[in-house]
Amino acid sequence: MKNRIRVLRAERDWSQADLALRLEVSRQSVNAIETGKFDPSLPLAFKLARLFETTIEAIFDDEIAEDNRGL
Amino acid sequence: MNQLPKNPALRRYLYRFLIAMSLYVVFLVTALWAFPIYHPTGPLAYLLGILPALPIIAVIVIVGFYLAEEKDEFQQRVLMQAMIWGIGATLAITTAWGFLEVFKLVPQLPLYVVFPLFCALTGFSTGMLKSKYK
(Lines give C-alpha, C1' and ligand atoms only; values in the text may rest on other atoms or scores of the structure.)
Protein backbone atom coordinates (compact mmCIF):
# COMPACT_ATOMS: atom_id res chain seq x y z
CA MET A 1 0.00 0.00 0.00
CA LYS A 2 1.22 3.49 -0.89
CA ASN A 3 2.33 5.47 2.13
CA ARG A 4 4.17 8.57 3.35
CA ILE A 5 6.59 6.83 5.69
CA ARG A 6 9.71 7.89 3.76
CA VAL A 7 8.64 11.55 3.96
CA LEU A 8 7.67 11.32 7.64
CA ARG A 9 11.00 9.67 8.37
CA ALA A 10 12.93 12.32 6.46
CA GLU A 11 11.14 15.09 8.39
CA ARG A 12 12.49 13.61 11.59
CA ASP A 13 15.84 12.69 10.06
CA TRP A 14 15.36 9.05 10.97
CA SER A 15 16.97 6.22 9.01
CA GLN A 16 15.03 3.01 8.33
CA ALA A 17 17.07 1.44 11.12
CA ASP A 18 16.05 4.26 13.54
CA LEU A 19 12.39 3.71 12.75
CA ALA A 20 12.79 -0.07 13.03
CA LEU A 21 14.28 0.38 16.49
CA ARG A 22 11.37 2.58 17.58
CA LEU A 23 8.81 0.14 16.19
CA GLU A 24 10.67 -2.89 17.57
CA VAL A 25 10.73 -4.57 14.17
CA SER A 26 13.54 -5.42 11.75
CA ARG A 27 14.92 -2.89 9.27
CA GLN A 28 13.77 -5.21 6.46
CA SER A 29 10.22 -4.87 7.78
CA VAL A 30 10.38 -1.07 7.68
CA ASN A 31 11.75 -1.26 4.15
CA ALA A 32 9.03 -3.69 3.02
CA ILE A 33 6.27 -1.52 4.52
CA GLU A 34 7.78 1.72 3.20
CA THR A 35 8.10 0.38 -0.36
CA GLY A 36 4.50 -0.80 -0.20
CA LYS A 37 5.40 -4.48 -0.56
CA PHE A 38 4.07 -5.47 2.83
CA ASP A 39 0.97 -4.13 4.56
CA PRO A 40 1.40 -3.94 8.33
CA SER A 41 -1.18 -5.33 10.74
CA LEU A 42 -3.62 -2.92 12.35
CA PRO A 43 -1.67 -2.85 15.67
CA LEU A 44 1.58 -2.03 13.84
CA ALA A 45 -0.18 0.62 11.73
CA PHE A 46 -1.48 2.23 14.95
CA LYS A 47 2.00 2.09 16.42
CA LEU A 48 3.35 3.88 13.33
CA ALA A 49 0.61 6.51 13.52
CA ARG A 50 1.27 7.12 17.22
CA LEU A 51 5.00 7.38 16.60
CA PHE A 52 4.50 9.98 13.85
CA GLU A 53 1.78 11.69 15.93
CA THR A 54 -0.77 11.40 13.17
CA THR A 55 -3.53 9.07 11.97
CA ILE A 56 -3.28 5.84 9.98
CA GLU A 57 -5.16 7.46 7.08
CA ALA A 58 -2.60 10.25 6.97
CA ILE A 59 0.21 7.71 6.54
CA PHE A 60 -1.32 5.08 4.29
CA ASP A 61 -3.06 5.80 1.05
CA ASP A 62 -5.62 3.23 0.01
CA GLU A 63 -5.84 3.49 -3.77
CA ILE A 64 -9.47 2.35 -3.80
CA ALA A 65 -10.34 5.24 -1.51
CA GLU A 66 -8.46 7.53 -3.88
CA ASP A 67 -10.55 6.29 -6.81
CA ASN A 68 -13.72 6.85 -4.81
CA ARG A 69 -12.70 10.42 -4.13
CA GLY A 70 -12.34 10.92 -7.85
CA LEU A 71 -15.93 9.87 -8.53
CA MET B 1 32.85 -10.94 17.75
CA ASN B 2 29.31 -11.81 18.80
CA GLN B 3 27.75 -13.48 15.78
CA LEU B 4 24.45 -14.29 17.53
CA PRO B 5 21.37 -12.57 16.09
CA LYS B 6 19.94 -9.67 18.12
CA ASN B 7 16.39 -10.93 17.67
CA PRO B 8 15.61 -12.94 20.87
CA ALA B 9 13.15 -15.28 19.10
CA LEU B 10 15.73 -16.11 16.45
CA ARG B 11 18.41 -16.58 19.09
CA ARG B 12 16.22 -19.00 21.05
CA TYR B 13 15.43 -20.82 17.81
CA LEU B 14 19.12 -21.23 16.95
CA TYR B 15 19.92 -22.40 20.47
CA ARG B 16 17.14 -25.02 20.45
CA PHE B 17 17.97 -26.07 16.91
CA LEU B 18 21.61 -26.67 17.79
CA ILE B 19 20.63 -28.79 20.81
CA ALA B 20 18.22 -30.83 18.67
CA MET B 21 20.82 -31.34 15.95
CA SER B 22 23.46 -32.39 18.51
CA LEU B 23 21.00 -34.94 19.92
CA TYR B 24 20.28 -36.08 16.37
CA VAL B 25 23.97 -36.84 15.77
CA VAL B 26 24.26 -38.68 19.10
CA PHE B 27 21.04 -40.69 18.54
CA LEU B 28 21.91 -41.54 14.94
CA VAL B 29 25.39 -42.71 15.84
CA THR B 30 23.95 -44.71 18.76
CA ALA B 31 21.37 -46.44 16.55
CA LEU B 32 23.86 -47.12 13.74
CA TRP B 33 26.37 -48.49 16.23
CA ALA B 34 23.97 -50.58 18.34
CA PHE B 35 22.01 -52.37 15.58
CA PRO B 36 24.83 -54.43 14.05
CA ILE B 37 26.33 -55.25 17.45
CA TYR B 38 23.31 -56.05 19.63
CA HIS B 39 20.72 -57.01 16.98
CA PRO B 40 17.87 -55.66 19.13
CA THR B 41 14.40 -57.13 18.64
CA GLY B 42 10.83 -56.27 19.63
CA PRO B 43 9.95 -52.91 21.19
CA LEU B 44 13.60 -52.13 21.93
CA ALA B 45 14.43 -52.35 18.23
CA TYR B 46 11.59 -49.94 17.44
CA LEU B 47 12.69 -47.59 20.19
CA LEU B 48 16.28 -47.60 18.95
CA GLY B 49 15.14 -47.30 15.34
CA ILE B 50 12.93 -44.28 15.99
CA LEU B 51 15.53 -42.53 18.17
CA PRO B 52 17.14 -40.44 15.36
CA ALA B 53 13.67 -39.30 14.21
CA LEU B 54 12.81 -37.75 17.58
CA PRO B 55 15.18 -34.73 17.40
CA ILE B 56 14.02 -34.13 13.81
CA ILE B 57 10.41 -34.06 15.02
CA ALA B 58 11.61 -31.70 17.75
CA VAL B 59 12.99 -29.39 15.04
CA ILE B 60 9.50 -29.16 13.52
CA VAL B 61 8.15 -28.17 16.95
CA ILE B 62 11.06 -25.71 17.40
CA VAL B 63 10.18 -24.01 14.11
CA GLY B 64 6.59 -23.77 15.38
CA PHE B 65 7.83 -22.12 18.59
CA TYR B 66 9.90 -19.68 16.55
CA LEU B 67 6.88 -18.71 14.44
CA ALA B 68 4.84 -18.18 17.61
CA GLU B 69 7.59 -16.19 19.37
CA GLU B 70 8.69 -14.05 16.42
CA LYS B 71 7.29 -10.58 17.09
CA ASP B 72 8.25 -9.18 13.70
CA GLU B 73 5.18 -9.82 11.56
CA PHE B 74 7.06 -9.29 8.30
CA GLN B 75 9.67 -11.95 9.15
CA GLN B 76 6.81 -14.20 10.23
CA ARG B 77 5.06 -13.64 6.91
CA VAL B 78 8.21 -14.37 4.88
CA LEU B 79 8.81 -17.65 6.73
CA MET B 80 5.18 -18.72 6.43
CA GLN B 81 5.12 -17.96 2.70
CA ALA B 82 8.44 -19.75 2.25
CA MET B 83 7.11 -22.79 4.12
CA ILE B 84 3.99 -22.88 1.95
CA TRP B 85 6.22 -22.85 -1.14
CA GLY B 86 8.39 -25.49 0.51
CA ILE B 87 5.38 -27.72 1.26
CA GLY B 88 4.03 -27.34 -2.29
CA ALA B 89 7.37 -28.07 -3.94
CA THR B 90 8.05 -31.05 -1.62
CA LEU B 91 4.64 -32.57 -2.30
CA ALA B 92 5.02 -32.00 -6.05
CA ILE B 93 8.51 -33.54 -6.20
CA THR B 94 7.73 -36.54 -3.97
CA THR B 95 4.46 -37.24 -5.82
CA ALA B 96 6.21 -37.13 -9.21
CA TRP B 97 9.08 -39.23 -7.83
CA GLY B 98 6.58 -41.76 -6.42
CA PHE B 99 5.06 -42.41 -9.83
CA LEU B 100 8.49 -42.65 -11.46
CA GLU B 101 9.34 -45.21 -8.77
CA VAL B 102 6.26 -47.29 -9.70
CA PHE B 103 7.61 -47.60 -13.25
CA LYS B 104 11.11 -48.32 -11.95
CA LEU B 105 12.51 -45.22 -13.64
CA VAL B 106 14.14 -43.86 -10.48
CA PRO B 107 15.54 -45.53 -7.34
CA GLN B 108 13.32 -45.70 -4.25
CA LEU B 109 13.54 -42.53 -2.20
CA PRO B 110 13.92 -43.18 1.55
CA LEU B 111 11.20 -41.28 3.41
CA TYR B 112 13.66 -39.65 5.80
CA VAL B 113 14.92 -37.43 2.96
CA VAL B 114 11.49 -35.73 2.71
CA PHE B 115 12.11 -33.41 5.65
CA PRO B 116 15.60 -32.26 4.56
CA LEU B 117 14.14 -31.78 1.07
CA PHE B 118 11.38 -29.61 2.55
CA CYS B 119 13.98 -27.62 4.55
CA ALA B 120 16.14 -27.06 1.47
CA LEU B 121 13.17 -25.95 -0.64
CA THR B 122 11.89 -23.69 2.16
CA GLY B 123 15.37 -22.19 2.48
CA PHE B 124 15.52 -21.56 -1.25
CA SER B 125 12.04 -19.98 -1.15
CA THR B 126 13.08 -17.75 1.77
CA GLY B 127 15.96 -16.42 -0.34
CA MET B 128 13.68 -15.80 -3.30
CA LEU B 129 11.07 -14.04 -1.16
CA LYS B 130 13.65 -11.90 0.64
CA SER B 131 15.02 -10.69 -2.69
CA LYS B 132 11.45 -9.97 -3.85
CA TYR B 133 10.75 -7.84 -0.77
CA LYS B 134 14.09 -6.02 -0.94
# chains A, B, ... in the order shown; residues from 1 in each chain; ligands from 1
$ residues_around --residues "Ile50 of chain B" --least-positions-apart "6" --cutoff "12 Å" --atoms "only C-alpha atoms" --output "PyMOL selection string"
chain B and resi 24+27-28+30-32+43-44+56-57+112
$ closest_atom_pairs --of "chain A" --to "chain B" --cutoff "7 Å" --atoms "only C-alpha atoms" --output "tab-separated table"
residue	atom	partner	partner_atom	distance
A:Val25	CA	B:Asp72	CA	5.2
A:Ser26	CA	B:Asp72	CA	6.8
A:Ser29	CA	B:Phe74	CA	5.5
A:Ala32	CA	B:Tyr133	CA	5.9
A:Lys37	CA	B:Tyr133	CA	6.3
$ atom_distance --atom1 "atom CA of Arg16 of chain B" --atom2 "atom CA of Ser131 of chain B"
27.3 Å
$ residues_around --residues "Leu109 of chain B" --least-positions-apart "6" --cutoff "9 Å" --atoms "only C-alpha atoms" --output "PyMOL selection string"
chain B and resi 94+97-98+101
$ atom_distance --atom1 "atom CA of Glu24 of chain A" --atom2 "atom CA of Pro43 of chain A"
12.5 Å
$ select_by_dssp --residues "chain A" --states "helix (DSSP H, G or I)" --output "CSV table (one decimal) with N, CA and C atoms, in the first residue's frame"
chain,number,residue,atom,x,y,z
A,5,ILE,N,5.6,7.1,4.6
A,5,ILE,CA,6.6,6.8,5.7
A,5,ILE,C,8.0,7.5,5.4
A,6,ARG,N,8.4,7.3,4.1
A,6,ARG,CA,9.7,7.9,3.8
A,6,ARG,C,9.8,9.4,4.1
A,7,VAL,N,8.7,10.1,3.7
A,7,VAL,CA,8.6,11.6,4.0
A,7,VAL,C,8.6,11.8,5.5
A,8,LEU,N,7.8,11.1,6.2
A,8,LEU,CA,7.7,11.3,7.6
A,8,LEU,C,9.0,11.0,8.3
A,9,ARG,N,9.7,10.0,7.8
A,9,ARG,CA,11.0,9.7,8.4
A,9,ARG,C,12.0,10.8,8.1
A,10,ALA,N,12.0,11.3,6.9
A,10,ALA,CA,12.9,12.3,6.5
A,10,ALA,C,12.7,13.6,7.3
A,11,GLU,N,11.5,13.9,7.6
A,11,GLU,CA,11.1,15.1,8.4
A,11,GLU,C,11.8,15.0,9.8
A,12,ARG,N,11.9,13.8,10.3
A,12,ARG,CA,12.5,13.6,11.6
A,12,ARG,C,14.0,13.2,11.5
A,16,GLN,N,15.9,4.2,8.2
A,16,GLN,CA,15.0,3.0,8.3
A,16,GLN,C,15.3,2.2,9.6
A,17,ALA,N,16.6,2.2,9.9
A,17,ALA,CA,17.1,1.4,11.1
A,17,ALA,C,16.6,2.1,12.4
A,18,ASP,N,16.6,3.5,12.4
A,18,ASP,CA,16.1,4.3,13.5
A,18,ASP,C,14.6,3.9,13.8
A,19,LEU,N,13.8,4.0,12.7
A,19,LEU,CA,12.4,3.7,12.8
A,19,LEU,C,12.1,2.3,13.2
A,20,ALA,N,12.9,1.4,12.7
A,20,ALA,CA,12.8,-0.1,13.0
A,20,ALA,C,13.0,-0.2,14.5
A,21,LEU,N,14.0,0.5,15.1
A,21,LEU,CA,14.3,0.4,16.5
A,21,LEU,C,13.1,0.9,17.3
A,22,ARG,N,12.5,2.0,16.9
A,22,ARG,CA,11.4,2.6,17.6
A,22,ARG,C,10.1,1.7,17.5
A,23,LEU,N,10.0,1.0,16.4
A,23,LEU,CA,8.8,0.1,16.2
A,23,LEU,C,9.0,-1.3,16.7
A,27,ARG,N,14.8,-3.9,10.3
A,27,ARG,CA,14.9,-2.9,9.3
A,27,ARG,C,14.3,-3.4,7.9
A,28,GLN,N,14.4,-4.7,7.7
A,28,GLN,CA,13.8,-5.2,6.5
A,28,GLN,C,12.3,-5.0,6.5
A,29,SER,N,11.7,-5.1,7.7
A,29,SER,CA,10.2,-4.9,7.8
A,29,SER,C,9.9,-3.4,7.4
A,30,VAL,N,10.6,-2.5,8.0
A,30,VAL,CA,10.4,-1.1,7.7
A,30,VAL,C,10.5,-0.8,6.2
A,31,ASN,N,11.5,-1.4,5.6
A,31,ASN,CA,11.7,-1.3,4.2
A,31,ASN,C,10.6,-1.8,3.4
A,32,ALA,N,10.1,-3.0,3.7
A,32,ALA,CA,9.0,-3.7,3.0
A,32,ALA,C,7.7,-2.9,3.1
A,33,ILE,N,7.5,-2.3,4.3
A,33,ILE,CA,6.3,-1.5,4.5
A,33,ILE,C,6.4,-0.2,3.7
A,34,GLU,N,7.5,0.4,3.9
A,34,GLU,CA,7.8,1.7,3.2
A,34,GLU,C,7.6,1.6,1.7
A,42,LEU,N,-3.0,-4.1,11.7
A,42,LEU,CA,-3.6,-2.9,12.4
A,42,LEU,C,-2.8,-2.4,13.6
A,43,PRO,N,-2.4,-3.3,14.5
A,43,PRO,CA,-1.7,-2.9,15.7
A,43,PRO,C,-0.4,-2.1,15.3
A,44,LEU,N,0.3,-2.7,14.3
A,44,LEU,CA,1.6,-2.0,13.8
A,44,LEU,C,1.3,-0.7,13.1
A,45,ALA,N,0.2,-0.6,12.4
A,45,ALA,CA,-0.2,0.6,11.7
A,45,ALA,C,-0.5,1.7,12.8
A,46,PHE,N,-1.2,1.3,13.9
A,46,PHE,CA,-1.5,2.2,14.9
A,46,PHE,C,-0.2,2.7,15.6
A,47,LYS,N,0.7,1.8,15.8
A,47,LYS,CA,2.0,2.1,16.4
A,47,LYS,C,2.7,3.1,15.6
A,48,LEU,N,2.7,2.9,14.3
A,48,LEU,CA,3.4,3.9,13.3
A,48,LEU,C,2.7,5.3,13.5
A,49,ALA,N,1.4,5.3,13.5
A,49,ALA,CA,0.6,6.5,13.5
A,49,ALA,C,0.9,7.3,14.8
A,50,ARG,N,1.0,6.5,15.9
A,50,ARG,CA,1.3,7.1,17.2
A,50,ARG,C,2.7,7.7,17.2
A,51,LEU,N,3.6,7.0,16.6
A,51,LEU,CA,5.0,7.4,16.6
A,51,LEU,C,5.2,8.7,15.8
A,56,ILE,N,-3.6,6.9,11.0
A,56,ILE,CA,-3.3,5.8,10.0
A,56,ILE,C,-3.6,6.3,8.6
A,57,GLU,N,-4.7,7.0,8.4
A,57,GLU,CA,-5.2,7.5,7.1
A,57,GLU,C,-4.2,8.5,6.5
A,58,ALA,N,-3.5,9.2,7.4
A,58,ALA,CA,-2.6,10.3,7.0
A,58,ALA,C,-1.3,9.6,6.5
A,59,ILE,N,-1.0,8.4,6.9
A,59,ILE,CA,0.2,7.7,6.5
A,59,ILE,C,0.0,6.8,5.3
A,63,GLU,N,-5.6,3.0,-2.4
A,63,GLU,CA,-5.8,3.5,-3.8
A,63,GLU,C,-7.3,3.4,-4.1
A,64,ILE,N,-8.0,2.5,-3.5
A,64,ILE,CA,-9.5,2.4,-3.8
A,64,ILE,C,-10.2,3.6,-3.3
A,65,ALA,N,-9.8,4.0,-2.1
A,65,ALA,CA,-10.3,5.2,-1.5
A,65,ALA,C,-10.1,6.4,-2.4
A,66,GLU,N,-8.9,6.4,-3.0
A,66,GLU,CA,-8.5,7.5,-3.9
A,66,GLU,C,-9.4,7.6,-5.1
A,67,ASP,N,-9.7,6.4,-5.7
A,67,ASP,CA,-10.5,6.3,-6.8
A,67,ASP,C,-11.9,6.8,-6.5
A,68,ASN,N,-12.4,6.4,-5.2
A,68,ASN,CA,-13.7,6.9,-4.8
A,68,ASN,C,-13.8,8.4,-4.7
A,69,ARG,N,-12.7,9.0,-4.3
A,69,ARG,CA,-12.7,10.4,-4.1
A,69,ARG,C,-12.9,11.1,-5.5
A,70,GLY,N,-12.3,10.4,-6.5
A,70,GLY,CA,-12.3,10.9,-7.8
A,70,GLY,C,-13.7,10.9,-8.5
$ atom_distance --atom1 "atom CA of Asp62 of chain A" --atom2 "atom CA of Leu67 of chain B"
29.1 Å
$ residues_around --residues "Lys2 of chain A" --least-positions-apart "3" --cutoff "7 Å" --atoms "only C-alpha atoms" --output "PDB file with N, CA and C atoms, in the first residue's frame"
ATOM      1  N   GLY A  36       5.850  -0.369   0.140  1.00  0.00           N
ATOM      2  CA  GLY A  36       4.499  -0.803  -0.205  1.00  0.00           C
ATOM      3  C   GLY A  36       4.388  -2.282  -0.535  1.00  0.00           C
ATOM      4  N   PHE A  60      -1.078   6.039   5.375  1.00  0.00           N
ATOM      5  CA  PHE A  60      -1.323   5.075   4.293  1.00  0.00           C
ATOM      6  C   PHE A  60      -2.385   5.598   3.337  1.00  0.00           C
ATOM      7  N   ASP A  61      -2.132   5.354   2.058  1.00  0.00           N
ATOM      8  CA  ASP A  61      -3.065   5.804   1.050  1.00  0.00           C
ATOM      9  C   ASP A  61      -3.659   4.594   0.336  1.00  0.00           C
ATOM     10  N   ASP A  62      -4.900   4.332   0.648  1.00  0.00           N
ATOM     11  CA  ASP A  62      -5.616   3.235   0.014  1.00  0.00           C
ATOM     12  C   ASP A  62      -6.059   3.708  -1.371  1.00  0.00           C
TER      13      ASP A  62
END
$ residues_around --residues "Trp85 of chain B" --least-positions-apart "3" --cutoff "12 Å" --atoms "only C-alpha atoms" --output "list in words"
Val78, Leu79, Met80, Gln81, Ala82, Gly88, Ala89, Thr90, Leu91, Ala92, Phe118, Cys119, Ala120, Leu121, Thr122, Gly123, Phe124, Ser125, Thr126, Gly127, Met128 and Leu129 of chain B
$ write_last_selection --atoms "N, CA and C atoms" --output "short mmCIF file (atom, residue, chain, number, x, y, z; two decimals), in the first residue's frame"
data_model
loop_
_atom_site.label_atom_id
_atom_site.label_comp_id
_atom_site.auth_asym_id
_atom_site.auth_seq_id
_atom_site.Cartn_x
_atom_site.Cartn_y
_atom_site.Cartn_z
N VAL B 78 7.24 -13.82 5.84
CA VAL B 78 8.21 -14.37 4.88
C VAL B 78 8.41 -15.86 5.14
N LEU B 79 8.58 -16.23 6.42
CA LEU B 79 8.81 -17.65 6.73
C LEU B 79 7.58 -18.49 6.39
N MET B 80 6.40 -17.96 6.72
CA MET B 80 5.18 -18.72 6.43
C MET B 80 5.00 -18.91 4.92
N GLN B 81 5.23 -17.85 4.16
CA GLN B 81 5.12 -17.96 2.70
C GLN B 81 6.15 -18.95 2.17
N ALA B 82 7.37 -18.85 2.70
CA ALA B 82 8.44 -19.75 2.25
C ALA B 82 8.08 -21.21 2.56
N GLY B 88 4.53 -27.09 -0.93
CA GLY B 88 4.03 -27.34 -2.29
C GLY B 88 5.08 -28.03 -3.15
N ALA B 89 6.30 -27.51 -3.10
CA ALA B 89 7.37 -28.07 -3.94
C ALA B 89 7.72 -29.49 -3.48
N THR B 90 7.74 -29.71 -2.15
CA THR B 90 8.05 -31.05 -1.62
C THR B 90 6.99 -32.05 -2.05
N LEU B 91 5.72 -31.66 -1.91
CA LEU B 91 4.64 -32.57 -2.30
C LEU B 91 4.69 -32.85 -3.80
N ALA B 92 4.96 -31.83 -4.59
CA ALA B 92 5.02 -32.00 -6.05
C ALA B 92 6.16 -32.96 -6.42
N PHE B 118 12.27 -30.72 2.21
CA PHE B 118 11.38 -29.61 2.55
C PHE B 118 12.18 -28.42 3.09
N CYS B 119 13.16 -28.70 3.97
CA CYS B 119 13.98 -27.62 4.55
C CYS B 119 14.77 -26.89 3.46
N ALA B 120 15.35 -27.67 2.54
CA ALA B 120 16.14 -27.06 1.47
C ALA B 120 15.26 -26.19 0.58
N LEU B 121 14.07 -26.71 0.24
CA LEU B 121 13.17 -25.95 -0.64
C LEU B 121 12.62 -24.71 0.07
N THR B 122 12.35 -24.85 1.39
CA THR B 122 11.89 -23.69 2.16
C THR B 122 13.00 -22.64 2.24
N GLY B 123 14.23 -23.10 2.43
CA GLY B 123 15.37 -22.19 2.48
C GLY B 123 15.54 -21.44 1.17
N PHE B 124 15.42 -22.17 0.08
CA PHE B 124 15.52 -21.56 -1.25
C PHE B 124 14.40 -20.53 -1.43
N SER B 125 13.18 -20.90 -1.02
CA SER B 125 12.04 -19.98 -1.15
C SER B 125 12.25 -18.73 -0.30
N THR B 126 12.83 -18.90 0.90
CA THR B 126 13.08 -17.75 1.77
C THR B 126 13.99 -16.76 1.05
N GLY B 127 15.04 -17.28 0.41
CA GLY B 127 15.96 -16.42 -0.34
C GLY B 127 15.25 -15.67 -1.46
N MET B 128 14.41 -16.41 -2.18
CA MET B 128 13.68 -15.80 -3.30
C MET B 128 12.75 -14.69 -2.79
N LEU B 129 12.03 -15.00 -1.70
CA LEU B 129 11.07 -14.04 -1.16
C LEU B 129 11.78 -12.80 -0.61
#
